[in-house]
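J.: Can you read through this structure? Questions will come right after.
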Amino acid sequence: MSKPNAPDELVIATSRKWLEQAVIGLNLCPFAKKPYYKQQLRFCVSHANHLDHFLDQLEQEIRLLLHTPAEELETTLFIEPVLFQSFDEFLNIVELSEQILVENQAIGIIQIAPFHPKFQFADTDADDISNYTNRSPYPTLHLIRESSIDQAVAAFPDAAQIYQRNIALLQQMGINGWEKLGITYPGNEQS
């Protein structure tokens with residue numbers, strides 16, 4: 001069942017709050033702060049009404065990133081507020097998205113990181129707090145330049161430890177601590 005369309009401004013504001021409060025605020029991704037505050041991060045809301053339309057829009061965003069200097073646009077959050085409410089369906093979309101990278105000769109240039117309101121790592125329970133490291137208000141594909149990742153990893157000596165640090169932080173916070181961030185998940189049971 002799909003949700004009614006929310007205005008782009010609301011989708012972006014909700015996603016921005018998640019980015020500011022969780023991703024940057026909790027330092028879940030130490031690489032996110034720089035492009036965000038340098039205004040090199042693009043929020044793009046999809047208006048797709050079916051899968052093929054979504055994939056066409058995604059391809060346009062990938063091409064935009066490929067053809068725009070990093071100093072102007074380093075990364076994109078491609079947000080789909082209506083389609084793909086099922087996490088399993090969304091995982092299938094991630095696989096199709098990878099194929100678009102191949103078709104546009106963007107493997108090794110752009111990487112896709114998935115975020116979803118019902119994100120669930122393999123071998124975890126749905127309510128496991130570790131899943132919140134990748135839970136966004138709406139299904140979102142983060143389009144990241146590989147060169148930006150390389151620079152960030154070079155500047156952050158313990159990059160491999162980020163995931164473990166994030167899980168430990170969220171376990172310490174617990175669900176009550178997460179809820180205090182005030183991040184909303186429109187159309188989902190969780191708050």
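We label chains A, B, ... in the order they appear in the structure tokens, count residues from 1 in each chain, and number ligands from 1 in the order shown.
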Near A:Pro137, counting only C-alpha atoms, which residues have an atom at most 8 Å away, once you skip same-chain residues fewer than 5 positions from it, shown as a list in words?
T.: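 These residues fall inside the cut-off: Thr14, Ser15, Trp18, His116, Pro117, Ile183, Thr184, Tyr185 and Pro186 of chain A.
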J.: Neighbours of stretch 96-100 of chain A within 8 Å (only C-alpha atoms; same-chain residues fewer than 2 positions away dropped), as number ranges by chain?
T.: A: 55, 58-59, 92-94, 102-104, 112
J.: Which residues in chain A does DSSP call strand (DSSP E)? List them as a list in words.
T.: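 Of chain A, only Leu41, Arg42, Phe43, Cys44, Val45, Thr75, Thr76, Leu77, Phe78, Ile79, Ile110, Gln111, Ile112, Ala113, Pro114, Phe115, Thr140, Leu141, His142, Leu143, Ile144 and Arg145 of chain A fall in strand (DSSP E).
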J.: Kindly save the residues from that selection, with C-alpha atoms included, as a short mmCIF file (atom, residue, chain, number, x, y, z; two decimals), in the first residue's frame.
T.:
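Saved file part.cif follows:
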data_model
loop_
_atom_site.label_atom_id
_atom_site.label_comp_id
_atom_site.auth_asym_id
_atom_site.auth_seq_id
_atom_site.Cartn_x
_atom_site.Cartn_y
_atom_site.Cartn_z
CA LEU A 41 24.84 17.61 -0.93
CA ARG A 42 21.72 17.43 -3.07
CA PHE A 43 18.34 16.30 -1.78
CA CYS A 44 16.36 14.91 -4.72
CA VAL A 45 12.79 13.72 -4.24
CA THR A 75 26.81 13.59 -3.08
CA THR A 76 23.06 13.06 -3.51
CA LEU A 77 20.30 11.71 -1.31
CA PHE A 78 17.76 10.29 -3.78
CA ILE A 79 14.53 9.96 -1.78
CA ILE A 110 29.85 6.21 -7.68
CA GLN A 111 28.70 3.96 -4.86
CA ILE A 112 25.13 3.50 -3.63
CA ALA A 113 24.33 3.24 0.08
CA PRO A 114 20.75 2.18 0.93
CA PHE A 115 18.64 3.61 3.76
CA THR A 140 16.65 6.64 0.20
CA LEU A 141 19.61 5.85 -2.01
CA HIS A 142 22.73 7.78 -1.11
CA LEU A 143 24.81 8.34 -4.25
CA ILE A 144 28.41 8.81 -3.15
CA ARG A 145 31.52 9.54 -5.18
#
J.: Name the closest residue to A:Lys118 among the candidates A:Gln85, A:Glu146, A:Ile162, A:Met173; distances are taken between atoms, counting only C-alpha atoms.
T.: A:Gln85
J.: Among the residues of stretch 78-187 of chain A, find those DSSP assigns to helix (DSSP H, G or I) from the backbone and print them as an MDAnalysis selection string.
T.: chainID A and resid 87:103 129:134 146:155 159:179
J.: Work out how far atom CA of A:Asn5 is from atom CA of A:Glu80, in Å to one decimal.
T.: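 Result for atom CA of A:Glu80 versus atom CA of A:Asn5: 10.0 Å, one decimal.
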J.: Would you work out the distance separating atom CA of A:Phe54 from atom CA of A:Lys38, expressed in Å to one decimal?
T.: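 Separation between atom CA of A:Phe54 and atom CA of A:Lys38: 28.0 Å.
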J.: Could you check the closest approach to A:Tyr132 for each of A:Glu179, A:Asp8, A:Asp52, A:Glu74 and tell me which residue wins, using only C-alpha atoms?
T.: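 With only C-alpha atoms as the atom set, the closest residue is A:Glu179.
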J.: Smallest atom-to-atom distance to A:Gln105: which of A:Ile62, A:Asp125, A:Leu169, A:Ser147, using only C-alpha atoms?
T.: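 Checking each of A:Ile62, A:Asp125, A:Leu169, A:Ser147 against A:Gln105, counting only C-alpha atoms, the winner is A:Ile62.
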